[in-house]
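> This one is upload.cif, mmCIF, C-alpha atoms.
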```cif
data_target
loop_
_atom_site.label_atom_id
_atom_site.label_comp_id
_atom_site.auth_asym_id
_atom_site.auth_seq_id
_atom_site.Cartn_x
_atom_site.Cartn_y
_atom_site.Cartn_z
CA MET M 14 16.94 127.76 46.58
CA ILE M 15 18.94 128.62 43.45
CA THR M 16 21.69 131.22 43.78
CA ARG M 17 24.09 132.81 41.33
CA ARG M 18 27.87 132.58 41.56
CA PHE M 19 30.12 134.96 39.61
CA GLY M 20 33.56 134.01 38.30
CA ALA M 21 36.49 136.23 37.35
CA SER M 22 34.95 136.84 33.94
CA GLY M 23 31.88 138.39 35.49
CA ARG M 24 29.68 135.78 33.83
CA GLY M 25 27.42 134.04 36.30
CA SER M 26 26.54 130.41 36.75
CA TRP M 27 23.55 129.18 38.71
CA VAL M 28 24.09 126.81 41.60
CA ILE M 29 21.53 124.74 43.48
CA ASP M 30 21.53 124.65 47.26
CA PRO M 31 21.33 120.92 48.07
CA PHE M 32 20.00 121.56 51.57
CA SER M 33 16.81 123.31 50.47
CA ALA M 34 13.62 121.53 49.42
CA ILE M 35 14.18 122.51 45.82
CA GLY M 36 17.76 121.33 46.09
CA ARG M 37 16.71 117.95 47.41
CA ASN M 38 14.48 117.59 44.37
CA ALA M 39 17.48 118.39 42.18
CA VAL M 40 19.73 115.90 43.91
CA THR M 41 17.17 113.17 43.32
CA GLY M 42 18.29 111.78 40.00
CA ALA M 43 21.62 113.66 40.29
CA ALA M 44 23.45 115.97 37.88
CA GLU M 45 20.89 118.79 37.91
CA GLU M 46 23.57 121.29 38.87
CA ARG M 47 25.88 120.25 36.03
CA VAL M 48 23.06 120.48 33.49
CA TRP M 49 21.99 123.85 34.81
CA VAL M 50 25.48 125.33 34.69
CA LEU M 51 25.91 123.91 31.18
CA VAL M 52 22.74 125.68 30.07
CA ILE M 53 23.73 129.03 31.54
CA THR M 54 27.36 129.03 30.45
CA GLY M 55 26.74 127.45 27.05
CA ASP M 56 27.45 128.99 23.67
CA SER M 57 25.15 131.99 23.32
CA SER M 58 25.49 131.84 19.54
CA LEU M 59 23.83 128.42 19.65
CA ILE M 60 20.94 129.88 21.60
CA LEU M 61 20.69 132.66 19.03
CA ALA M 62 20.81 130.22 16.11
CA LEU M 63 18.09 128.06 17.58
CA SER M 64 15.90 131.05 18.23
CA ARG M 65 16.46 132.80 14.92
CA GLY M 66 16.89 130.06 12.38
CA GLU M 67 14.38 127.36 13.24
CA VAL M 68 12.33 126.14 16.14
CA ALA M 69 14.40 122.94 16.33
CA VAL M 70 12.22 121.47 19.06
CA LYS M 71 13.45 117.93 18.43
CA SER M 72 17.11 118.71 17.99
CA TRP M 73 17.67 120.05 21.50
CA SER M 74 14.84 118.66 23.56
CA HIS M 75 14.88 114.91 23.92
CA PRO M 76 18.35 114.37 25.49
CA ILE M 77 17.46 116.87 28.22
CA LEU M 78 13.76 116.18 28.53
CA THR M 79 14.10 112.55 29.49
CA ASP M 80 15.56 113.23 32.94
CA ARG M 81 15.50 116.99 33.42
CA GLY M 82 11.92 118.16 33.04
CA SER M 83 12.50 121.45 34.84
CA ILE M 84 15.58 122.34 32.82
CA ALA M 85 13.79 121.39 29.62
CA GLN M 86 10.87 123.67 30.47
CA LEU M 87 13.20 126.57 31.21
CA LEU M 88 14.96 126.04 27.90
CA ALA M 89 11.70 125.78 25.96
CA TYR M 90 10.35 128.96 27.52
CA HIS M 91 13.66 130.73 26.96
CA TYR M 92 13.71 129.88 23.26
CA PHE M 93 10.11 130.79 22.61
CA ASN M 94 10.19 133.92 24.78
CA GLN M 95 13.27 135.06 22.89
CA THR M 96 11.59 134.37 19.55
CA GLY M 97 9.11 137.04 20.56
CA ILE M 98 11.70 139.24 18.85
CA ALA M 99 10.78 137.68 15.51
CA PHE M 100 7.06 137.53 16.20
CA TYR M 101 6.51 141.02 17.66
CA ALA M 102 9.38 143.39 16.87
CA PRO M 103 9.50 145.38 13.60
CA ALA M 104 11.94 143.87 11.10
CA GLN M 105 14.31 146.83 11.27
CA GLN M 106 14.69 146.46 15.05
CA GLN M 107 15.12 142.71 15.30
CA GLU M 108 18.89 142.60 14.75
CA HIS M 109 19.31 145.07 17.59
CA TRP M 110 17.28 142.84 19.92
CA TRP M 111 19.15 139.66 18.94
CA ARG M 112 22.48 141.35 19.66
CA ARG M 113 21.27 142.64 23.02
CA SER M 114 20.14 139.16 24.00
CA VAL M 115 23.42 137.50 23.06
CA SER M 116 25.75 140.18 24.41
CA GLY M 117 23.83 140.26 27.67
CA GLY M 118 23.79 136.46 27.98
CA TRP M 119 20.09 136.73 28.62
CA LEU M 120 18.03 133.84 29.87
CA TRP M 121 14.44 134.80 29.08
CA GLY M 122 11.56 134.25 31.48
CA ASP M 123 7.99 135.41 31.04
CA SER M 124 5.11 137.01 32.87
CA VAL M 125 2.06 136.58 30.65
CA ASN M 126 -0.24 134.17 32.50
CA PRO M 127 -3.62 135.09 30.95
CA VAL M 128 -5.86 133.75 33.73
CA ASP M 129 -4.71 136.51 36.09
CA PRO M 130 -6.01 140.09 35.76
CA THR M 131 -4.31 141.84 32.87
CA LEU M 132 -1.25 143.91 33.67
CA THR M 133 -1.77 147.59 32.87
CA LEU M 134 0.41 150.32 31.44
CA THR M 135 -0.42 153.89 32.30
CA THR M 136 1.15 156.85 30.53
CA ASP M 137 4.00 158.49 32.40
CA PRO M 138 4.05 162.31 32.08
CA ASP M 139 7.83 162.10 31.72
CA GLY M 140 7.51 159.69 28.78
CA GLY M 141 6.99 155.97 28.47
CA TYR M 142 4.71 154.03 30.79
CA ARG M 143 4.33 152.74 34.33
CA LEU M 144 3.52 149.07 34.87
CA ASN M 145 1.42 147.79 37.76
CA ARG M 146 -0.33 144.67 39.11
CA TYR M 147 0.60 141.07 39.84
CA LYS M 148 1.24 137.91 37.81
CA ARG M 149 1.47 134.32 39.00
CA PHE M 150 3.16 131.41 37.18
CA SER M 151 5.91 133.55 35.69
CA THR M 152 8.22 130.78 34.48
CA GLY M 153 11.92 131.58 34.61
CA SER M 154 11.36 134.91 36.32
CA GLY M 155 13.32 133.85 39.39
CA VAL M 156 16.46 132.88 37.45
CA GLY M 157 16.44 134.81 34.17
CA GLU M 158 18.07 138.09 33.30
CA VAL M 159 14.94 139.38 31.56
CA ILE M 160 11.20 138.81 31.49
CA ILE M 161 8.94 139.25 28.49
CA VAL M 162 5.70 140.88 29.61
CA ASN M 163 2.34 141.55 27.95
CA ALA M 164 0.22 144.44 29.22
CA VAL M 165 -2.68 146.56 28.01
CA VAL M 166 -2.30 150.32 27.66
CA ALA M 167 -4.90 151.95 29.91
CA ASP M 168 -4.87 155.52 28.60
CA GLY M 169 -3.53 157.91 26.00
CA GLU M 170 -3.27 157.48 22.24
CA GLN M 171 -2.38 153.78 22.53
CA ALA M 172 -5.26 152.93 24.89
CA GLY M 173 -6.56 149.38 24.45
CA LYS M 174 -3.49 148.06 22.67
CA VAL M 175 -1.60 145.11 24.14
CA LEU M 176 2.16 145.57 24.05
CA ALA M 177 4.94 143.02 24.45
CA PHE M 178 8.07 144.34 26.14
CA VAL M 179 11.21 143.16 27.89
CA LEU M 180 12.33 144.09 31.39
CA GLU M 181 15.43 143.24 33.39
CA THR M 182 14.45 141.25 36.46
CA ASP M 183 16.33 143.66 38.73
CA ARG M 184 14.53 146.78 37.49
CA LYS M 185 13.20 149.06 40.20
CA GLY M 186 9.62 148.20 41.18
CA ILE M 187 9.84 144.51 40.21
CA GLU M 188 9.41 142.08 43.10
CA LEU M 189 10.15 138.43 42.37
CA VAL M 190 7.95 136.50 44.77
CA ASP M 191 9.48 133.18 45.79
CA ASP M 192 6.20 131.26 45.99
CA TRP M 193 6.75 128.38 43.53
CA ASN M 194 6.38 125.31 45.77
CA HIS M 195 4.55 122.76 43.65
CA LEU M 196 4.42 119.01 43.22
CA GLY M 197 6.72 118.87 40.20
CA GLN M 198 8.80 121.05 37.86
CA ARG M 199 10.30 122.50 41.00
CA LEU M 200 13.34 124.07 39.37
CA THR M 201 11.44 126.19 36.85
CA ALA M 202 11.36 129.28 39.06
CA SER M 203 7.71 129.82 38.09
CA GLY M 204 6.85 132.11 40.96
CA SER M 205 4.80 135.29 40.98
CA VAL M 206 5.94 138.78 40.05
CA ARG M 207 4.61 142.00 41.55
CA TYR M 208 4.95 145.20 39.51
CA SER M 209 4.75 148.50 41.35
CA GLN M 210 5.12 151.62 39.22
CA VAL M 211 7.76 149.94 37.07
CA ARG M 212 9.17 152.25 34.44
CA VAL M 213 8.72 150.96 30.86
CA ASN M 214 10.62 152.93 28.24
CA ALA M 215 10.14 153.03 24.49
CA GLU M 216 13.33 151.00 23.99
CA ASP M 217 11.89 148.18 26.14
CA ILE M 218 8.95 147.58 23.82
CA LEU M 219 9.12 144.78 21.27
CA GLY M 220 5.83 145.62 19.61
CA GLU M 221 2.07 145.29 19.63
CA LEU M 222 0.29 141.94 19.80
CA SER M 223 -1.89 141.45 16.75
CA GLU M 224 -3.98 138.72 15.14
CA GLU M 225 -1.88 138.59 11.99
CA PRO M 226 -1.58 134.81 11.40
CA ILE M 227 2.22 134.60 11.48
CA SER M 228 2.49 136.68 14.65
CA THR M 229 0.08 134.40 16.52
CA LEU M 230 2.00 131.20 15.79
CA LEU M 231 4.22 131.58 18.84
CA ILE M 232 1.49 130.06 21.05
CA PRO M 233 0.99 126.85 19.01
CA GLY M 234 4.79 126.57 18.99
CA LEU M 235 4.87 126.72 22.76
CA GLN M 236 2.12 124.10 22.94
CA LEU M 237 4.27 121.96 20.63
CA ALA M 238 7.17 122.33 23.05
CA PHE M 239 4.87 121.22 25.89
CA ALA M 240 4.03 118.06 23.97
CA HIS M 241 7.73 117.33 23.43
CA LEU M 242 8.24 117.85 27.15
CA TYR M 243 5.62 115.19 27.95
CA VAL M 244 7.01 112.74 25.40
CA GLY M 245 10.52 113.27 26.75
CA ILE M 246 9.42 112.68 30.34
CA ALA M 247 7.67 109.47 29.21
CA GLN M 248 10.88 108.35 27.49
CA GLY M 249 12.84 109.03 30.66
CA ALA M 250 10.40 107.10 32.86
CA LEU M 251 10.45 104.20 30.40
CA ALA M 252 14.25 104.07 30.26
CA LYS M 253 14.65 104.23 34.03
CA GLY M 254 11.95 101.59 34.48
CA ARG M 255 13.73 99.30 32.00
CA ASP M 256 17.00 99.65 33.90
CA ILE M 257 15.30 98.86 37.20
CA LEU M 258 13.49 95.85 35.72
CA LEU M 259 16.66 94.39 34.19
CA ASN M 260 18.41 94.64 37.55
CA ARG M 261 15.61 93.15 39.66
CA GLN M 262 16.65 89.94 41.38
CA ASN M 263 14.65 86.70 41.30
CA SER M 264 11.08 86.56 39.99
CA TRP M 265 7.48 86.20 41.09
CA PHE M 266 6.92 82.70 42.44
CA LEU M 267 4.11 81.90 39.97
CA ALA M 268 5.97 83.10 36.86
CA GLY M 269 8.05 79.99 36.22
CA VAL M 270 11.07 82.03 35.05
CA ASP M 271 14.39 83.04 36.58
CA SER M 272 14.03 86.86 36.49
CA TYR M 273 11.37 89.52 36.42
CA SER M 274 12.53 90.71 33.01
CA ARG M 275 11.72 87.25 31.61
CA ASP M 276 8.19 87.35 33.01
CA VAL M 277 5.78 87.80 30.10
CA ILE M 278 3.47 89.93 32.28
CA PHE M 279 6.21 92.49 32.69
CA GLN M 280 7.29 92.18 29.06
CA ARG M 281 3.73 92.85 27.93
CA THR M 282 3.42 95.95 30.12
CA ILE M 283 6.69 97.54 29.09
CA GLY M 284 6.07 96.60 25.46
CA GLU M 285 2.71 98.35 25.50
CA LEU M 286 4.20 101.48 27.05
CA LYS M 287 7.15 101.46 24.66
CA ALA M 288 4.89 101.24 21.62
CA ARG M 289 2.73 104.15 22.77
CA VAL M 290 5.71 106.34 23.58
CA ALA M 291 7.25 105.57 20.19
CA ALA M 292 4.02 106.55 18.43
CA ALA M 293 3.81 109.82 20.38
CA GLU M 294 7.43 110.59 19.57
CA ALA M 295 6.85 109.99 15.85
CA LEU M 296 3.89 112.37 15.88
CA ALA M 297 5.85 114.97 17.83
CA ASP M 298 8.71 114.84 15.34
CA LYS M 299 6.30 115.11 12.42
CA LEU M 300 4.62 118.17 13.92
CA ALA M 301 7.97 119.83 14.70
CA ARG M 302 8.94 119.60 11.02
CA ARG M 303 5.52 120.84 9.93
CA TYR M 304 5.63 123.79 12.30
CA ASP M 305 9.07 124.79 11.02
CA ALA M 306 7.79 124.63 7.45
CA VAL M 307 4.81 126.87 8.25
CA ILE M 308 6.94 129.38 10.14
CA SER M 309 9.30 129.62 7.17
CA LEU M 310 6.41 131.03 5.09
CA GLY M 311 6.48 134.24 7.15
CA GLY M 312 3.86 136.74 6.06
CA GLU M 313 2.38 134.26 3.59
CA VAL M 314 0.80 132.26 6.42
CA THR M 315 -2.99 132.42 6.10
CA SER M 316 -5.60 132.18 8.84
CA ALA M 317 -6.68 128.81 7.47
CA LEU M 318 -3.13 127.43 7.52
CA ARG M 319 -2.57 128.79 10.99
CA ALA M 320 -5.76 127.11 12.24
CA ASP M 321 -4.85 123.80 10.63
CA VAL M 322 -1.42 123.57 12.22
CA ALA M 323 -2.73 124.75 15.60
CA VAL M 324 -5.33 121.97 15.64
CA ALA M 325 -2.74 119.39 14.59
CA ILE M 326 -0.62 120.48 17.55
CA ALA M 327 -3.69 120.22 19.78
CA GLU M 328 -4.05 116.60 18.65
CA LEU M 329 -0.47 115.97 19.70
CA LYS M 330 -1.08 117.72 23.01
CA VAL M 331 -3.95 115.31 23.76
CA VAL M 332 -1.91 112.23 22.85
CA SER M 333 1.30 113.30 24.59
CA THR M 334 -0.56 114.24 27.77
CA GLU M 335 -2.18 110.82 28.00
CA VAL M 336 1.00 108.93 27.07
CA GLY M 337 3.12 110.93 29.50
CA LEU M 338 0.77 110.45 32.43
CA GLU M 339 0.14 106.76 31.72
CA THR M 340 3.81 105.90 31.29
CA ALA M 341 4.98 107.76 34.39
CA HIS M 342 2.21 106.09 36.42
CA ARG M 343 2.24 102.52 35.09
CA ILE M 344 6.02 102.15 35.02
CA PHE M 345 5.76 101.27 38.71
CA GLU M 346 3.88 98.10 37.75
CA ILE M 347 7.13 96.60 36.45
CA THR M 348 9.59 98.10 38.91
CA GLY M 349 8.06 96.83 42.15
CA SER M 350 7.63 98.18 45.63
CA SER M 351 11.34 98.86 46.19
CA SER M 352 11.22 101.45 43.39
CA THR M 353 8.99 103.65 45.53
CA ASN M 354 12.00 104.39 47.75
CA ASN M 355 12.64 108.13 47.58
CA GLU M 356 16.30 107.52 46.81
CA VAL M 357 15.32 105.89 43.51
CA GLY M 358 13.61 109.05 42.31
CA LEU M 359 11.20 107.28 39.97
CA ASP M 360 8.36 109.47 41.20
CA LEU M 361 10.03 112.56 39.69
CA TYR M 362 8.72 111.72 36.22
CA TRP M 363 5.11 111.47 37.33
CA ARG M 364 5.32 114.58 39.51
CA ASN M 365 6.78 116.61 36.66
CA VAL M 366 4.36 115.49 33.95
CA ARG M 367 1.35 115.66 36.29
CA THR M 368 2.22 119.24 37.24
CA HIS M 369 2.82 120.62 33.77
CA THR M 370 -0.08 118.83 32.04
CA LEU M 371 -2.37 120.96 34.21
CA HIS M 372 -1.07 124.09 32.46
CA ASP M 373 -4.29 124.27 30.42
CA PRO M 374 -7.17 121.75 30.49
CA VAL M 375 -6.57 118.99 27.94
CA ASP M 376 -10.33 118.47 27.61
CA TYR M 377 -10.53 121.80 25.83
CA LYS M 378 -7.87 120.59 23.42
CA LYS M 379 -10.11 117.62 22.68
CA ILE M 380 -13.01 119.98 22.06
CA GLU M 381 -10.78 122.11 19.81
CA VAL M 382 -9.93 119.03 17.73
CA GLY M 383 -13.53 117.78 17.61
CA GLN M 384 -15.05 121.10 16.63
CA TYR M 385 -12.54 121.58 13.85
CA TYR M 386 -12.94 118.02 12.58
CA LEU M 387 -16.74 118.24 12.51
CA HIS M 388 -17.33 121.82 11.44
CA GLY M 389 -13.99 123.25 10.31
CA GLU M 390 -14.24 125.89 13.02
CA PRO M 391 -11.05 126.82 14.91
CA GLN M 392 -11.02 128.13 18.46
CA PRO M 393 -10.62 131.90 18.98
CA ILE M 394 -6.99 132.98 18.98
CA SER M 395 -5.71 133.29 22.53
CA LEU M 396 -2.64 132.70 24.65
CA TYR M 397 -3.71 129.04 24.87
CA THR M 398 -4.82 128.28 21.30
#
```
Take the structure I supplied and represent it as structure tokens, if you would.


Amino acid sequence: MITRRFGASGRGSWVIDPFSAIGRNAVTGAAEERVWVLVITGDSSLILALSRGEVAVKSWSHPILTDRGSIAQLLAYHYFNQTGIAFYAPAQQQEHWWRRSVSGGWLWGDSVNPVDPTLTLTTDPDGGYRLNRYKRFSTGSGVGEVIIVNAVVADGEQAGKVLAFVLETDRKGIELVDDWNHLGQRLTASGSVRYSQVRVNAEDILGELSEEPISTLLIPGLQLAFAHLYVGIAQGALAKGRDILLNRQNSWFLAGVDSYSRDVIFQRTIGELKARVAAAEALADKLARRYDAVISLGGEVTSALRADVAVAIAELKVVSTEVGLETAHRIFEITGSSSTNNEVGLDLYWRNVRTHTLHDPVDYKKIEVGQYYLHGEPQPISLYT
């Protein structure tokens, strides 16, 4: 489990229990606790700058992504959930929201999984709304201060509109269900959330979800962060595999060389993986810069431009998924049977990338790319496209 410890300042840091299953996952590979505390107690102005100024996917991601897939996912979701302020809130209210986030030291989770039944808001006679229903896969909900939620208004003058709003995780009626027990990404606190007559006030609401091109670019940005996650995990698996290979004693008896790292079979394998990871990284960096440039256009973003960048990110998602899975799997071909020892922790990379690449079917990303390439037709705007 993950628990919170408060110091004299009143600011909390999150600590991992090494005796729980999730703690054992953290201990494998070491230093998860230090990274986690660094994230929580870091400079909030940096978090604000990253969220407000530019997406900066590359600048923060790779050093963390290579070994800390769970922490990287939490950071990515935090940044993009917080940028909901820019995407959804009216311009005159955004400064207020940024200040609230920084002064509160908020880590942002979410509860917007679209494959579950839609959360509903019903009008409260005393003003505001009441929120009900249940959401699975609510990343960061178990460790964040706030959750960004999407729900449809069921009645009244706003009936049919989908609103984005922010709730403290300890608000009355919110139950954080500790049911995240998956193969990988174990520290992402992506459990379910049950909402029972939760009060939603006017001041909690960021704004209405619309299909204005600029306001829908948050989702391609999140898909871009996913791709960086997969590339980073591949880089981490590759680096750890290289270290293991260089330290392997002796060689295969048919190789005719003194060490495994001098065996051309192993050199060929790691060279192939290295080249593919490098190509995926180059594409990821290119798309990060392109996404930033499109976002900087603000209200001038057209539907056509939005579609074009979304499909380009879908291309990266296809490539990064395949490279991440292949690298994390095939790295064992050069590290040998001893690397399957649980104390080595080499399996963590595959478990993490295998888990998260199932977020949305990559085959539909291939279809998205193919349809656009053949007919110039983008997919309908959704929380996946």

> Which residue is closest to M:Asp305? Choose from M:Arg275, M:Thr135, M:Gly234, M:Arg364 and count all atoms listed in the file.

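Nearest to M:Asp305: M:Gly234.
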
> Let me make sure I understand: among M:Thr136, M:Gln384, M:Thr348, M:Gln107, which one has the smallest atom-to-atom distance to M:Lys253 if we use all atoms listed in the file?

M:Thr348

> Would you kindly return, as a count of residues only, each protein, DNA or RNA residue with an atom no farther than 7 Å from any atom of M:Gly220, considering only C-alpha atoms and excluding same-chain residues fewer than 2 positions away?

6

> With the file shown as input, list the residues that the PyMOL selection byres ((chain M and resi 192-205) around 7) selects, as JSON, numbers by chain.

{"M": [35, 82, 83, 84, 86, 87, 148, 149, 150, 151, 152, 153, 154, 155, 156, 189, 190, 191, 206, 207, 364, 365, 368]}

> Show me, as a ChimeraX atom specification, the residues that have an atom within 9 Å of M:Thr370 when counting all atoms listed in the file, minus same-chain residues fewer than 2 positions from it.

/M:239,243,334,337-338,365-368,372-375

> As a check of understanding, name the residues that the PyMOL selection byres ((chain M and resi 351-356) around 9) selects in the supplied structure, as a ChimeraX atom specification.

/M:41-42,254,257,345,348-350,357-360

> List the residues selected by the PyMOL selection byres ((chain M and resi 111-127) around 7) in the file shown, writing them as a ChimeraX atom specification.

/M:57-58,61,90-91,94-95,107-110,128-129,148-154,157-163,396

> One decimal, Å: what's the distance from atom CA of M:Gln210 over to atom CA of M:Gln106, could you say?

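Interatomic distance here is 26.5 Å.
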
> From the options M:Ala291, M:Leu230, M:Leu132, M:Leu251, which residue's atoms come nearest to M:Ala323, counting all atoms listed in the file?

M:Leu230

> Can you tell me, as a VMD selection string, what residues are no more than 8 Å from M:Glu346 when counting only C-alpha atoms, ignoring any on the same chain fewer than 3 positions away?

chain M and resid 279 282 343 349

> For a quick check of understanding, using all atoms listed in the file, which of M:Gly186, M:Gly140, M:Gly173, M:Gly284 has the smallest distance to M:Ala215?

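Closest candidate: M:Gly140.
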
> To one decimal in Å, tell me the separation between atom CA of M:Val336 and atom CA of M:Arg281.

16.3 Å

> Could you check how far atom CA of M:Val290 sits from atom CA of M:Arg302, in Å to one decimal?

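Computing the Euclidean distance for atom CA of M:Val290 and atom CA of M:Arg302 yields 18.5 Å.
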
> So which residues touch M:Gly389 within 12 Å, counting all atoms listed in the file, skipping near sequence neighbours fewer than 6 positions away, as a PyMOL selection string?

chain M and resi 317-318+320-321+324+381-383

> Of the candidates M:Ala250, M:Tyr385, M:Tyr273, M:Leu219, which one gets nearest to M:Gln105 if we count all atoms listed in the file?

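Closest residue, counting all atoms listed in the file: M:Leu219.
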
> Restrict the output to stretch 217-225 of chain M and all heavy atoms, then write it as a compact mmCIF listing (two decimals), in the first residue's frame.


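See out-v2.txt below for the written result:
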```txt
# COMPACT_ATOMS: atom_id res chain seq x y z
N ASP M 217 -16.67 24.21 -8.50
CA ASP M 217 -15.90 23.01 -8.83
C ASP M 217 -15.80 22.79 -10.34
O ASP M 217 -14.97 21.99 -10.79
CB ASP M 217 -16.57 21.76 -8.23
CG ASP M 217 -16.71 21.83 -6.73
OD1 ASP M 217 -15.76 22.31 -6.07
OD2 ASP M 217 -17.76 21.39 -6.20
N ILE M 218 -16.62 23.46 -11.09
CA ILE M 218 -16.75 23.18 -12.52
C ILE M 218 -15.72 23.96 -13.33
O ILE M 218 -15.64 25.19 -13.25
CB ILE M 218 -18.17 23.50 -13.01
CG1 ILE M 218 -19.19 22.61 -12.27
CG2 ILE M 218 -18.29 23.30 -14.51
CD1 ILE M 218 -20.64 22.98 -12.53
N LEU M 219 -14.94 23.22 -14.12
CA LEU M 219 -14.00 23.86 -15.05
C LEU M 219 -14.74 24.43 -16.25
O LEU M 219 -14.55 25.57 -16.64
CB LEU M 219 -12.96 22.85 -15.53
CG LEU M 219 -11.84 22.45 -14.57
CD1 LEU M 219 -11.00 21.34 -15.18
CD2 LEU M 219 -10.96 23.65 -14.24
N GLY M 220 -15.57 23.60 -16.86
CA GLY M 220 -16.31 24.05 -18.03
C GLY M 220 -16.95 22.90 -18.76
O GLY M 220 -16.91 21.74 -18.32
N GLU M 221 -17.53 23.22 -19.90
CA GLU M 221 -18.23 22.22 -20.71
C GLU M 221 -17.28 21.64 -21.76
O GLU M 221 -16.47 22.36 -22.35
CB GLU M 221 -19.43 22.87 -21.41
CG GLU M 221 -20.21 21.92 -22.31
CD GLU M 221 -21.32 22.63 -23.07
OE1 GLU M 221 -21.52 23.84 -22.82
OE2 GLU M 221 -21.95 21.98 -23.94
N LEU M 222 -17.37 20.33 -21.97
CA LEU M 222 -16.62 19.70 -23.05
C LEU M 222 -17.28 20.05 -24.37
O LEU M 222 -18.51 19.97 -24.51
CB LEU M 222 -16.57 18.18 -22.88
CG LEU M 222 -15.44 17.62 -22.02
CD1 LEU M 222 -15.56 18.08 -20.58
CD2 LEU M 222 -15.40 16.10 -22.11
N SER M 223 -16.47 20.46 -25.33
CA SER M 223 -17.00 20.81 -26.64
C SER M 223 -16.15 20.17 -27.72
O SER M 223 -15.12 19.54 -27.43
CB SER M 223 -17.01 22.34 -26.82
OG SER M 223 -15.70 22.83 -27.03
N GLU M 224 -16.54 20.34 -28.97
CA GLU M 224 -15.77 19.80 -30.09
C GLU M 224 -15.02 20.91 -30.82
O GLU M 224 -14.60 20.73 -31.96
CB GLU M 224 -16.69 19.04 -31.05
CG GLU M 224 -17.25 17.77 -30.44
CD GLU M 224 -17.83 16.81 -31.44
OE1 GLU M 224 -17.81 17.12 -32.65
OE2 GLU M 224 -18.33 15.74 -31.03
N GLU M 225 -14.81 22.03 -30.14
CA GLU M 225 -13.94 23.06 -30.69
C GLU M 225 -12.54 22.45 -30.84
O GLU M 225 -12.04 21.81 -29.90
CB GLU M 225 -13.89 24.26 -29.76
CG GLU M 225 -13.01 25.40 -30.25
CD GLU M 225 -12.88 26.52 -29.24
OE1 GLU M 225 -13.40 26.36 -28.12
OE2 GLU M 225 -12.23 27.53 -29.57
```
